[in-house]
>>> print(open('start_17.csv').read())   # CSV, C-alpha atoms
chain,number,residue,atom,x,y,z
A,1231,GLN,CA,-133.7,-22.7,21.2
A,1232,LYS,CA,-134.9,-20.4,18.6
A,1233,GLU,CA,-137.9,-18.1,19.4
A,1234,VAL,CA,-139.6,-19.3,16.2
A,1235,GLU,CA,-139.3,-22.8,14.8
A,1236,GLN,CA,-140.4,-23.7,11.3
A,1237,ASP,CA,-139.8,-27.0,9.5
A,1238,PRO,CA,-137.6,-26.2,6.5
A,1239,GLY,CA,-139.0,-29.1,4.4
A,1240,PRO,CA,-138.5,-29.3,1.5
A,1241,LEU,CA,-142.2,-30.1,0.9
A,1242,SER,CA,-143.2,-31.4,-2.5
A,1243,VAL,CA,-146.9,-31.9,-3.4
A,1244,PRO,CA,-148.9,-32.5,-6.6
A,1245,GLU,CA,-151.0,-29.7,-8.1
A,1246,GLY,CA,-154.4,-29.4,-6.5
A,1247,ALA,CA,-153.2,-30.7,-3.1
A,1248,ILE,CA,-153.9,-28.9,0.2
A,1249,VAL,CA,-150.7,-27.7,1.8
A,1250,SER,CA,-150.2,-27.1,5.5
A,1251,LEU,CA,-147.3,-25.0,6.7
A,1252,ASN,CA,-146.6,-24.5,10.4
A,1253,CYS,CA,-144.6,-22.6,12.9
A,1254,THR,CA,-144.3,-22.8,16.7
A,1255,TYR,CA,-143.0,-20.1,18.9
A,1256,SER,CA,-141.9,-19.6,22.5
A,1257,ASN,CA,-142.4,-15.8,23.2
A,1258,SER,CA,-145.9,-15.3,24.7
A,1259,ALA,CA,-145.6,-11.6,23.9
A,1260,PHE,CA,-146.0,-12.2,20.2
A,1261,GLN,CA,-149.3,-10.7,19.0
A,1262,TYR,CA,-148.9,-10.1,15.3
A,1263,PHE,CA,-148.4,-13.0,13.0
A,1264,MET,CA,-147.5,-12.9,9.3
A,1265,TRP,CA,-146.7,-15.2,6.4
A,1266,TYR,CA,-144.3,-14.1,3.7
A,1267,ARG,CA,-143.8,-15.8,0.3
A,1268,GLN,CA,-140.3,-15.6,-1.3
A,1269,TYR,CA,-139.7,-16.7,-4.9
A,1270,SER,CA,-136.3,-17.8,-5.9
A,1271,ARG,CA,-133.8,-14.9,-6.0
A,1272,LYS,CA,-136.4,-12.4,-4.9
A,1273,GLY,CA,-137.2,-10.6,-1.7
A,1274,PRO,CA,-140.0,-11.8,0.7
A,1275,GLU,CA,-143.4,-10.4,0.1
A,1276,LEU,CA,-146.2,-10.2,2.7
A,1277,LEU,CA,-148.9,-12.8,2.0
A,1278,MET,CA,-151.1,-12.9,5.1
A,1279,TYR,CA,-151.4,-10.9,8.3
A,1280,THR,CA,-153.2,-11.9,11.5
A,1281,TYR,CA,-153.6,-10.2,14.8
A,1282,SER,CA,-153.9,-12.4,17.9
A,1283,SER,CA,-155.8,-15.6,17.7
A,1284,GLY,CA,-158.2,-16.8,15.1
A,1285,ASN,CA,-158.5,-17.5,11.4
A,1286,LYS,CA,-158.1,-15.3,8.3
A,1287,GLU,CA,-159.0,-16.3,4.8
A,1288,ASP,CA,-157.8,-14.7,1.5
A,1289,GLY,CA,-158.7,-16.6,-1.6
A,1290,ARG,CA,-157.0,-20.0,-1.5
A,1291,PHE,CA,-155.0,-19.1,1.6
A,1292,THR,CA,-156.1,-19.4,5.2
A,1293,ALA,CA,-154.0,-18.4,8.2
A,1294,GLN,CA,-154.7,-19.8,11.6
A,1295,VAL,CA,-153.3,-18.7,15.0
A,1296,ASP,CA,-153.6,-20.7,18.2
A,1297,LYS,CA,-152.0,-18.6,20.9
A,1298,SER,CA,-152.8,-21.1,23.6
A,1299,SER,CA,-150.6,-23.6,21.9
A,1300,LYS,CA,-148.1,-21.0,20.4
A,1301,TYR,CA,-148.8,-22.5,17.0
A,1302,ILE,CA,-149.6,-20.8,13.7
A,1303,SER,CA,-150.5,-22.4,10.3
A,1304,LEU,CA,-150.9,-21.4,6.7
A,1305,PHE,CA,-153.2,-23.6,4.5
A,1306,ILE,CA,-153.1,-23.4,0.7
A,1307,ARG,CA,-156.0,-25.0,-1.1
A,1308,ASP,CA,-155.9,-26.2,-4.7
A,1309,SER,CA,-152.2,-25.6,-4.8
A,1310,GLN,CA,-150.7,-24.4,-8.1
A,1311,PRO,CA,-147.2,-24.7,-9.6
A,1312,SER,CA,-147.0,-20.9,-9.2
A,1313,ASP,CA,-147.2,-21.4,-5.4
A,1314,SER,CA,-143.8,-23.0,-5.5
A,1315,ALA,CA,-141.7,-20.7,-3.2
A,1316,THR,CA,-140.2,-20.5,0.3
A,1317,TYR,CA,-142.8,-19.6,2.9
A,1318,LEU,CA,-141.6,-17.7,6.0
A,1319,CYS,CA,-143.6,-17.2,9.1
A,1320,ALA,CA,-142.9,-14.0,11.1
A,1321,MET,CA,-144.2,-12.5,14.3
A,1322,SER,CA,-143.8,-9.4,16.5
A,1323,ALA,CA,-144.8,-8.2,19.9
A,1324,ALA,CA,-147.0,-5.4,21.0
A,1325,GLY,CA,-144.4,-4.2,23.4
A,1326,GLY,CA,-141.2,-5.1,25.3
A,1327,THR,CA,-137.8,-5.7,23.8
A,1328,SER,CA,-139.3,-7.3,20.7
A,1329,TYR,CA,-141.5,-4.3,19.9
A,1330,GLY,CA,-141.1,-3.0,16.4
A,1331,LYS,CA,-139.1,-6.0,15.2
A,1332,LEU,CA,-140.1,-9.1,13.3
A,1333,THR,CA,-138.8,-12.5,14.2
A,1334,PHE,CA,-138.7,-14.9,11.3
A,1335,GLY,CA,-138.9,-18.7,11.1
A,1336,GLN,CA,-136.3,-20.5,8.9
A,1337,GLY,CA,-138.7,-20.8,6.0
A,1338,THR,CA,-140.3,-23.9,4.3
A,1339,ILE,CA,-139.4,-24.6,0.7
A,1340,LEU,CA,-142.5,-25.7,-1.2
A,1341,THR,CA,-142.6,-27.3,-4.6
A,1342,VAL,CA,-146.0,-27.9,-6.4
A,1343,HIS,CA,-145.5,-30.2,-9.4
A,1344,PRO,CA,-147.9,-30.4,-12.3
B,101,ASN,CA,-143.7,3.1,-7.2
B,102,ALA,CA,-140.3,1.5,-6.6
B,103,GLY,CA,-140.8,0.5,-3.0
B,104,VAL,CA,-137.4,-0.5,-1.5
B,105,THR,CA,-134.4,-0.3,-3.8
B,106,GLN,CA,-131.1,-2.1,-3.1
B,107,THR,CA,-127.8,-1.7,-4.8
B,108,PRO,CA,-125.8,-3.5,-6.0
B,109,LYS,CA,-127.6,-6.7,-6.8
B,110,PHE,CA,-124.4,-8.8,-6.9
B,111,GLN,CA,-121.0,-8.3,-5.5
B,112,VAL,CA,-117.8,-10.4,-5.1
B,113,LEU,CA,-115.2,-9.2,-2.6
B,114,LYS,CA,-111.8,-10.4,-1.5
B,115,THR,CA,-111.3,-11.0,2.2
B,116,GLY,CA,-110.4,-7.7,3.9
B,117,GLN,CA,-112.0,-5.5,1.3
B,118,SER,CA,-114.7,-3.0,2.4
B,119,MET,CA,-117.9,-2.1,0.7
B,120,THR,CA,-121.2,-0.3,1.4
B,121,LEU,CA,-124.6,-1.7,0.5
B,122,GLN,CA,-127.2,0.9,-0.3
B,123,CYS,CA,-130.9,0.9,0.4
B,124,ALA,CA,-133.5,3.5,-0.4
B,125,GLN,CA,-137.3,3.6,0.1
B,126,ASP,CA,-139.9,5.9,-1.3
B,127,MET,CA,-142.9,5.0,0.9
B,128,ASN,CA,-142.2,7.6,3.6
B,129,HIS,CA,-141.6,4.8,6.1
B,130,ASN,CA,-140.0,5.7,9.5
B,131,SER,CA,-138.3,2.3,10.2
B,132,MET,CA,-135.7,0.5,8.2
B,133,TYR,CA,-133.9,-2.8,8.7
B,134,TRP,CA,-131.0,-4.9,7.4
B,135,TYR,CA,-131.2,-8.7,7.4
B,136,ARG,CA,-129.0,-11.4,6.1
B,137,GLN,CA,-130.4,-14.7,4.8
B,138,ASP,CA,-128.4,-17.9,5.0
B,139,PRO,CA,-129.5,-21.5,4.1
B,140,GLY,CA,-131.2,-23.1,7.1
B,141,MET,CA,-130.9,-19.9,9.2
B,142,GLY,CA,-133.8,-17.9,7.9
B,143,LEU,CA,-133.6,-14.1,8.1
B,144,ARG,CA,-131.5,-12.7,10.8
B,145,LEU,CA,-131.6,-9.0,11.8
B,146,ILE,CA,-128.2,-7.2,11.6
B,147,TYR,CA,-129.2,-3.6,12.4
B,148,TYR,CA,-132.3,-1.5,12.4
B,149,SER,CA,-133.3,2.1,12.5
B,150,ALA,CA,-136.6,2.9,14.2
B,151,SER,CA,-136.6,6.5,13.0
B,152,GLU,CA,-134.3,8.9,11.2
B,153,GLY,CA,-131.3,9.6,13.4
B,154,THR,CA,-131.4,6.4,15.4
B,155,THR,CA,-129.8,3.0,14.8
B,156,ASP,CA,-129.7,-0.2,17.0
B,157,LYS,CA,-128.0,-3.5,16.9
B,158,GLY,CA,-130.0,-6.6,15.9
B,159,GLU,CA,-129.1,-10.3,16.4
B,160,VAL,CA,-125.9,-10.4,14.3
B,161,PRO,CA,-124.3,-7.0,14.2
B,162,ASN,CA,-120.6,-8.0,14.5
B,163,GLY,CA,-118.5,-6.9,11.4
B,164,TYR,CA,-121.1,-4.4,10.2
B,165,ASN,CA,-121.9,-0.7,10.6
B,166,VAL,CA,-124.9,1.3,9.4
B,167,SER,CA,-125.8,4.8,8.6
B,168,ARG,CA,-129.3,6.3,8.4
B,169,LEU,CA,-128.5,9.0,6.0
B,170,ASN,CA,-132.0,10.5,5.9
B,171,LYS,CA,-135.5,9.2,6.1
B,172,ARG,CA,-135.2,7.5,2.8
B,173,GLU,CA,-131.7,5.9,2.9
B,174,PHE,CA,-130.1,3.3,5.2
B,175,SER,CA,-126.7,1.9,4.3
B,176,LEU,CA,-124.8,-1.1,5.5
B,177,ARG,CA,-121.0,-1.1,5.6
B,178,LEU,CA,-118.6,-4.1,5.8
B,179,GLU,CA,-115.3,-2.6,6.9
B,180,SER,CA,-113.2,-5.7,6.4
B,181,ALA,CA,-115.1,-8.5,4.7
B,182,ALA,CA,-114.8,-12.1,5.8
B,183,PRO,CA,-115.9,-15.3,4.1
B,184,SER,CA,-118.5,-15.7,6.9
B,185,GLN,CA,-120.2,-12.6,5.6
B,186,THR,CA,-121.0,-14.4,2.3
B,187,SER,CA,-124.8,-14.2,2.3
B,188,VAL,CA,-127.9,-12.6,0.7
B,189,TYR,CA,-128.6,-9.2,2.3
B,190,PHE,CA,-132.1,-7.7,2.4
B,191,CYS,CA,-133.2,-4.2,3.3
B,192,ALA,CA,-136.7,-3.7,4.5
B,193,SER,CA,-138.9,-0.8,5.7
B,194,SER,CA,-142.1,-0.4,7.7
B,195,SER,CA,-144.4,2.5,8.5
B,196,GLY,CA,-143.7,2.9,12.2
B,197,THR,CA,-143.6,-0.5,13.8
B,198,ALA,CA,-143.1,-4.0,12.3
B,199,ASN,CA,-146.6,-5.0,13.5
B,200,TYR,CA,-148.1,-4.6,10.0
B,201,GLY,CA,-145.3,-6.2,8.1
B,202,TYR,CA,-142.3,-5.1,6.2
B,203,THR,CA,-141.7,-4.2,2.5
B,204,PHE,CA,-138.5,-5.9,1.4
B,205,GLY,CA,-136.0,-5.0,-1.3
B,206,SER,CA,-134.9,-7.6,-3.9
B,207,GLY,CA,-131.6,-8.3,-2.1
B,208,THR,CA,-127.8,-8.1,-2.6
B,209,ARG,CA,-126.0,-11.4,-3.2
B,210,LEU,CA,-122.5,-11.0,-1.7
B,211,THR,CA,-119.7,-13.5,-2.0
B,212,VAL,CA,-116.5,-13.0,-0.1
B,213,VAL,CA,-113.5,-15.1,-1.3
>>> encode(input="start_17.csv", output="structure tokens")
Amino acid sequence: QKEVEQDPGPLSVPEGAIVSLNCTYSNSAFQYFMWYRQYSRKGPELLMYTYSSGNKEDGRFTAQVDKSSKYISLFIRDSQPSDSATYLCAMSAAGGTSYGKLTFGQGTILTVHP
Amino acid sequence: NAGVTQTPKFQVLKTGQSMTLQCAQDMNHNSMYWYRQDPGMGLRLIYYSASEGTTDKGEVPNGYNVSRLNKREFSLRLESAAPSQTSVYFCASSSGTANYGYTFGSGTRLTVV
């Protein structure tokens, strides 16, 4: 079983929809949680960063972390065609063998159609 | 500010050929990483360098070697390319730990025939 599981989709939604992207993980040492966005034929870019549990909002994007359930989410409100990309969750530990290294989910391909 | 620069962007190799993928960062980051990305597999860590002078294996190191030439540069070498190494390779860097995220290069698309 992978340490981080992410539904690869693909996910197709109409413009203006609310999008929910999710990851589950098994390593209870993970403390830092991130979402990356990757456009076609580009490198991933950091979109959201969260430490431990809770919510973080940045414009149309909200990241949620539920450590008790080992579950993280990214919500996109009022989705736009420019949001069409692959979204990767990533996480790292504060110590132990995973310290200093990010573990990524498989990525979810999102298409927002006009 | 260039960030992380990877060369080349595309490469086609024949089975058994060797090549070196180059990576340089201009952000004074201590740590550098090489990942490969394959459909359905996500990003898998090949090798990383926590600081200048150190390198360690990641999840999929077989068939690869690395060199941390200095603080800026981290190269990945394929000594005898195999079709299974057909992939997109990404270099990344971080300030000291990965806990605040990586900065990625734009990738090298490698095809081994």
>>> residues_around(input="start_17.csv", residues="A:Leu1276", least_positions_apart="2", cutoff="8 Å", atoms="only C-alpha atoms", output="list in words")
Met1264, Trp1265, Tyr1266, Arg1267, Pro1274, Met1278 and Tyr1279 of chain A; Gly201, Tyr202 and Thr203 of chain B
>>> atom_distance(input="start_17.csv", atom1="atom CA of A:Ser1314", atom2="atom CA of A:Ala1247")
12.4 Å
>>> residues_around(input="start_17.csv", residues="A:Pro1311", least_positions_apart="2", cutoff="10 Å", atoms="all atoms listed in the file", output="list in words")
Val1243, Pro1244, Glu1245, Gly1246, Ser1309, Asp1313, Ser1314, Ala1315, Leu1340, Thr1341, Val1342, His1343 and Pro1344 of chain A
>>> closest_residue(input="start_17.csv", among="A:Leu1251, A:Ala1324, A:Leu1318, A:Val1234", to="A:Lys1300", atoms="only C-alpha atoms")
A:Val1234
>>> residues_around(input="start_17.csv", residues="B:Glu179", least_positions_apart="3", cutoff="10 Å", atoms="all atoms listed in the file", output="list in words")
Gly116, Gln117, Ser118, Met119, Thr120, Gly163, Tyr164, Asn165, Leu176 and Ala182 of chain B
>>> closest_residue(input="start_17.csv", among="B:Ser187, B:Ser206, B:Ser195, B:Thr154", to="B:Pro139", atoms="only C-alpha atoms")
B:Ser187
>>> residues_around(input="start_17.csv", residues="A:Gln1261", least_positions_apart="4", cutoff="10 Å", atoms="all atoms listed in the file", output="NGL selection string")
(:A and (1257 or 1280-1283 or 1295 or 1297 or 1321-1325)) or (:B and (199))
>>> closest_atom_pairs(input="start_17.csv", of="chain B", to="chain A", cutoff="12 Å", atoms="only C-alpha atoms", output="JSON lines")
{"residue": "B:Gly103", "atom": "CA", "partner": "A:Glu1275", "partner_atom": "CA", "distance": 11.6}
{"residue": "B:Val104", "atom": "CA", "partner": "A:Gly1273", "partner_atom": "CA", "distance": 10.1}
{"residue": "B:Thr105", "atom": "CA", "partner": "A:Gly1273", "partner_atom": "CA", "distance": 10.9}
{"residue": "B:Gln106", "atom": "CA", "partner": "A:Gly1273", "partner_atom": "CA", "distance": 10.6}
{"residue": "B:Lys109", "atom": "CA", "partner": "A:Arg1271", "partner_atom": "CA", "distance": 10.3}
{"residue": "B:Phe110", "atom": "CA", "partner": "A:Arg1271", "partner_atom": "CA", "distance": 11.2}
{"residue": "B:Asn130", "atom": "CA", "partner": "A:Gly1330", "partner_atom": "CA", "distance": 11.2}
{"residue": "B:Ser131", "atom": "CA", "partner": "A:Gly1330", "partner_atom": "CA", "distance": 8.6}
{"residue": "B:Met132", "atom": "CA", "partner": "A:Lys1331", "partner_atom": "CA", "distance": 10.1}
{"residue": "B:Tyr133", "atom": "CA", "partner": "A:Lys1331", "partner_atom": "CA", "distance": 8.9}
{"residue": "B:Trp134", "atom": "CA", "partner": "A:Lys1331", "partner_atom": "CA", "distance": 11.3}
{"residue": "B:Tyr135", "atom": "CA", "partner": "A:Phe1334", "partner_atom": "CA", "distance": 10.5}
{"residue": "B:Arg136", "atom": "CA", "partner": "A:Gly1273", "partner_atom": "CA", "distance": 11.3}
{"residue": "B:Gln137", "atom": "CA", "partner": "A:Gln1336", "partner_atom": "CA", "distance": 9.2}
{"residue": "B:Asp138", "atom": "CA", "partner": "A:Gln1336", "partner_atom": "CA", "distance": 9.2}
{"residue": "B:Pro139", "atom": "CA", "partner": "A:Gln1336", "partner_atom": "CA", "distance": 8.4}
{"residue": "B:Gly140", "atom": "CA", "partner": "A:Gln1336", "partner_atom": "CA", "distance": 6.0}
{"residue": "B:Met141", "atom": "CA", "partner": "A:Gln1336", "partner_atom": "CA", "distance": 5.4}
{"residue": "B:Gly142", "atom": "CA", "partner": "A:Gln1336", "partner_atom": "CA", "distance": 3.7}
{"residue": "B:Leu143", "atom": "CA", "partner": "A:Phe1334", "partner_atom": "CA", "distance": 6.1}
{"residue": "B:Arg144", "atom": "CA", "partner": "A:Phe1334", "partner_atom": "CA", "distance": 7.5}
{"residue": "B:Leu145", "atom": "CA", "partner": "A:Thr1333", "partner_atom": "CA", "distance": 8.4}
{"residue": "B:Ile146", "atom": "CA", "partner": "A:Lys1331", "partner_atom": "CA", "distance": 11.5}
{"residue": "B:Tyr147", "atom": "CA", "partner": "A:Lys1331", "partner_atom": "CA", "distance": 10.6}
{"residue": "B:Tyr148", "atom": "CA", "partner": "A:Lys1331", "partner_atom": "CA", "distance": 8.6}
{"residue": "B:Ser149", "atom": "CA", "partner": "A:Gly1330", "partner_atom": "CA", "distance": 10.1}
{"residue": "B:Ala150", "atom": "CA", "partner": "A:Gly1330", "partner_atom": "CA", "distance": 7.7}
{"residue": "B:Ser151", "atom": "CA", "partner": "A:Gly1330", "partner_atom": "CA", "distance": 11.0}
{"residue": "B:Asp156", "atom": "CA", "partner": "A:Lys1331", "partner_atom": "CA", "distance": 11.2}
{"residue": "B:Lys157", "atom": "CA", "partner": "A:Lys1331", "partner_atom": "CA", "distance": 11.5}
{"residue": "B:Gly158", "atom": "CA", "partner": "A:Lys1331", "partner_atom": "CA", "distance": 9.1}
{"residue": "B:Glu159", "atom": "CA", "partner": "A:Thr1333", "partner_atom": "CA", "distance": 10.2}
{"residue": "B:Val188", "atom": "CA", "partner": "A:Arg1271", "partner_atom": "CA", "distance": 9.2}
{"residue": "B:Tyr189", "atom": "CA", "partner": "A:Gly1273", "partner_atom": "CA", "distance": 9.6}
{"residue": "B:Phe190", "atom": "CA", "partner": "A:Gly1273", "partner_atom": "CA", "distance": 7.2}
{"residue": "B:Cys191", "atom": "CA", "partner": "A:Gly1273", "partner_atom": "CA", "distance": 9.1}
{"residue": "B:Ala192", "atom": "CA", "partner": "A:Gly1273", "partner_atom": "CA", "distance": 9.3}
{"residue": "B:Ser193", "atom": "CA", "partner": "A:Lys1331", "partner_atom": "CA", "distance": 10.8}
{"residue": "B:Ser194", "atom": "CA", "partner": "A:Gly1330", "partner_atom": "CA", "distance": 9.1}
{"residue": "B:Ser195", "atom": "CA", "partner": "A:Gly1330", "partner_atom": "CA", "distance": 10.2}
{"residue": "B:Gly196", "atom": "CA", "partner": "A:Gly1330", "partner_atom": "CA", "distance": 7.7}
{"residue": "B:Thr197", "atom": "CA", "partner": "A:Gly1330", "partner_atom": "CA", "distance": 4.4}
{"residue": "B:Ala198", "atom": "CA", "partner": "A:Gly1330", "partner_atom": "CA", "distance": 4.7}
{"residue": "B:Asn199", "atom": "CA", "partner": "A:Tyr1262", "partner_atom": "CA", "distance": 5.9}
{"residue": "B:Tyr200", "atom": "CA", "partner": "A:Tyr1279", "partner_atom": "CA", "distance": 7.3}
{"residue": "B:Gly201", "atom": "CA", "partner": "A:Leu1276", "partner_atom": "CA", "distance": 6.8}
{"residue": "B:Tyr202", "atom": "CA", "partner": "A:Leu1276", "partner_atom": "CA", "distance": 7.3}
{"residue": "B:Thr203", "atom": "CA", "partner": "A:Glu1275", "partner_atom": "CA", "distance": 6.9}
{"residue": "B:Phe204", "atom": "CA", "partner": "A:Gly1273", "partner_atom": "CA", "distance": 5.8}
{"residue": "B:Gly205", "atom": "CA", "partner": "A:Gly1273", "partner_atom": "CA", "distance": 5.7}
{"residue": "B:Ser206", "atom": "CA", "partner": "A:Gly1273", "partner_atom": "CA", "distance": 4.4}
{"residue": "B:Gly207", "atom": "CA", "partner": "A:Gly1273", "partner_atom": "CA", "distance": 6.1}
{"residue": "B:Thr208", "atom": "CA", "partner": "A:Arg1271", "partner_atom": "CA", "distance": 9.7}
{"residue": "B:Arg209", "atom": "CA", "partner": "A:Arg1271", "partner_atom": "CA", "distance": 9.0}
>>> write_last_selection(input="start_17.csv", atoms="C-alpha atoms", output="PDB file, in the frame of the given file")
ATOM      1  CA  GLY B 103    -140.800   0.500  -3.000  1.00  0.00           C
ATOM      2  CA  VAL B 104    -137.400  -0.500  -1.500  1.00  0.00           C
ATOM      3  CA  THR B 105    -134.400  -0.300  -3.800  1.00  0.00           C
ATOM      4  CA  GLN B 106    -131.100  -2.100  -3.100  1.00  0.00           C
ATOM      5  CA  LYS B 109    -127.600  -6.700  -6.800  1.00  0.00           C
ATOM      6  CA  PHE B 110    -124.400  -8.800  -6.900  1.00  0.00           C
ATOM      7  CA  ASN B 130    -140.000   5.700   9.500  1.00  0.00           C
ATOM      8  CA  SER B 131    -138.300   2.300  10.200  1.00  0.00           C
ATOM      9  CA  MET B 132    -135.700   0.500   8.200  1.00  0.00           C
ATOM     10  CA  TYR B 133    -133.900  -2.800   8.700  1.00  0.00           C
ATOM     11  CA  TRP B 134    -131.000  -4.900   7.400  1.00  0.00           C
ATOM     12  CA  TYR B 135    -131.200  -8.700   7.400  1.00  0.00           C
ATOM     13  CA  ARG B 136    -129.000 -11.400   6.100  1.00  0.00           C
ATOM     14  CA  GLN B 137    -130.400 -14.700   4.800  1.00  0.00           C
ATOM     15  CA  ASP B 138    -128.400 -17.900   5.000  1.00  0.00           C
ATOM     16  CA  PRO B 139    -129.500 -21.500   4.100  1.00  0.00           C
ATOM     17  CA  GLY B 140    -131.200 -23.100   7.100  1.00  0.00           C
ATOM     18  CA  MET B 141    -130.900 -19.900   9.200  1.00  0.00           C
ATOM     19  CA  GLY B 142    -133.800 -17.900   7.900  1.00  0.00           C
ATOM     20  CA  LEU B 143    -133.600 -14.100   8.100  1.00  0.00           C
ATOM     21  CA  ARG B 144    -131.500 -12.700  10.800  1.00  0.00           C
ATOM     22  CA  LEU B 145    -131.600  -9.000  11.800  1.00  0.00           C
ATOM     23  CA  ILE B 146    -128.200  -7.200  11.600  1.00  0.00           C
ATOM     24  CA  TYR B 147    -129.200  -3.600  12.400  1.00  0.00           C
ATOM     25  CA  TYR B 148    -132.300  -1.500  12.400  1.00  0.00           C
ATOM     26  CA  SER B 149    -133.300   2.100  12.500  1.00  0.00           C
ATOM     27  CA  ALA B 150    -136.600   2.900  14.200  1.00  0.00           C
ATOM     28  CA  SER B 151    -136.600   6.500  13.000  1.00  0.00           C
ATOM     29  CA  ASP B 156    -129.700  -0.200  17.000  1.00  0.00           C
ATOM     30  CA  LYS B 157    -128.000  -3.500  16.900  1.00  0.00           C
ATOM     31  CA  GLY B 158    -130.000  -6.600  15.900  1.00  0.00           C
ATOM     32  CA  GLU B 159    -129.100 -10.300  16.400  1.00  0.00           C
ATOM     33  CA  VAL B 188    -127.900 -12.600   0.700  1.00  0.00           C
ATOM     34  CA  TYR B 189    -128.600  -9.200   2.300  1.00  0.00           C
ATOM     35  CA  PHE B 190    -132.100  -7.700   2.400  1.00  0.00           C
ATOM     36  CA  CYS B 191    -133.200  -4.200   3.300  1.00  0.00           C
ATOM     37  CA  ALA B 192    -136.700  -3.700   4.500  1.00  0.00           C
ATOM     38  CA  SER B 193    -138.900  -0.800   5.700  1.00  0.00           C
ATOM     39  CA  SER B 194    -142.100  -0.400   7.700  1.00  0.00           C
ATOM     40  CA  SER B 195    -144.400   2.500   8.500  1.00  0.00           C
ATOM     41  CA  GLY B 196    -143.700   2.900  12.200  1.00  0.00           C
ATOM     42  CA  THR B 197    -143.600  -0.500  13.800  1.00  0.00           C
ATOM     43  CA  ALA B 198    -143.100  -4.000  12.300  1.00  0.00           C
ATOM     44  CA  ASN B 199    -146.600  -5.000  13.500  1.00  0.00           C
ATOM     45  CA  TYR B 200    -148.100  -4.600  10.000  1.00  0.00           C
ATOM     46  CA  GLY B 201    -145.300  -6.200   8.100  1.00  0.00           C
ATOM     47  CA  TYR B 202    -142.300  -5.100   6.200  1.00  0.00           C
ATOM     48  CA  THR B 203    -141.700  -4.200   2.500  1.00  0.00           C
ATOM     49  CA  PHE B 204    -138.500  -5.900   1.400  1.00  0.00           C
ATOM     50  CA  GLY B 205    -136.000  -5.000  -1.300  1.00  0.00           C
ATOM     51  CA  SER B 206    -134.900  -7.600  -3.900  1.00  0.00           C
ATOM     52  CA  GLY B 207    -131.600  -8.300  -2.100  1.00  0.00           C
ATOM     53  CA  THR B 208    -127.800  -8.100  -2.600  1.00  0.00           C
ATOM     54  CA  ARG B 209    -126.000 -11.400  -3.200  1.00  0.00           C
TER      55      ARG B 209
END
>>> atom_distance(input="start_17.csv", atom1="atom CA of B:Gln185", atom2="atom CA of B:Gln122")
16.3 Å
>>> atom_distance(input="start_17.csv", atom1="atom CA of B:Val112", atom2="atom CA of B:Thr186")
9.0 Å
>>> closest_residue(input="start_17.csv", among="B:Ser184, B:Gln125, B:Gln111, B:Thr211", to="B:Val160", atoms="all atoms listed in the file")
B:Ser184
>>> residues_around(input="start_17.csv", residues="B:Phe174", least_positions_apart="5", cutoff="7 Å", atoms="all atoms listed in the file", output="list in words")
Gln122, Cys123, Ala124, Met132, Val166, Ser167, Arg168 and Leu169 of chain B
>>> closest_residue(input="start_17.csv", among="A:Ile1248, A:Thr1254, A:Thr1316, A:Ile1302", to="A:Arg1290", atoms="all atoms listed in the file")
A:Ile1248
>>> decode(input="start_17.csv", residues="stretch 114-128 of chain B", atoms="C-alpha atoms", output="PDB file, in the first residue's frame")
ATOM      1  CA  LYS B 114      19.186   4.134 -27.661  1.00  0.00           C
ATOM      2  CA  THR B 115      19.244   1.251 -25.209  1.00  0.00           C
ATOM      3  CA  GLY B 116      22.686   1.023 -23.612  1.00  0.00           C
ATOM      4  CA  GLN B 117      23.673   4.634 -24.210  1.00  0.00           C
ATOM      5  CA  SER B 118      24.621   6.879 -21.330  1.00  0.00           C
ATOM      6  CA  MET B 119      23.747  10.458 -20.580  1.00  0.00           C
ATOM      7  CA  THR B 120      23.781  13.051 -17.818  1.00  0.00           C
ATOM      8  CA  LEU B 121      20.847  15.265 -16.907  1.00  0.00           C
ATOM      9  CA  GLN B 122      21.925  18.622 -15.554  1.00  0.00           C
ATOM     10  CA  CYS B 123      20.223  20.700 -12.867  1.00  0.00           C
ATOM     11  CA  ALA B 124      21.177  24.066 -11.405  1.00  0.00           C
ATOM     12  CA  GLN B 125      19.436  26.330  -8.892  1.00  0.00           C
ATOM     13  CA  ASP B 126      20.126  29.955  -8.096  1.00  0.00           C
ATOM     14  CA  MET B 127      18.163  30.253  -4.827  1.00  0.00           C
ATOM     15  CA  ASN B 128      21.030  29.277  -2.495  1.00  0.00           C
TER      16      ASN B 128
END
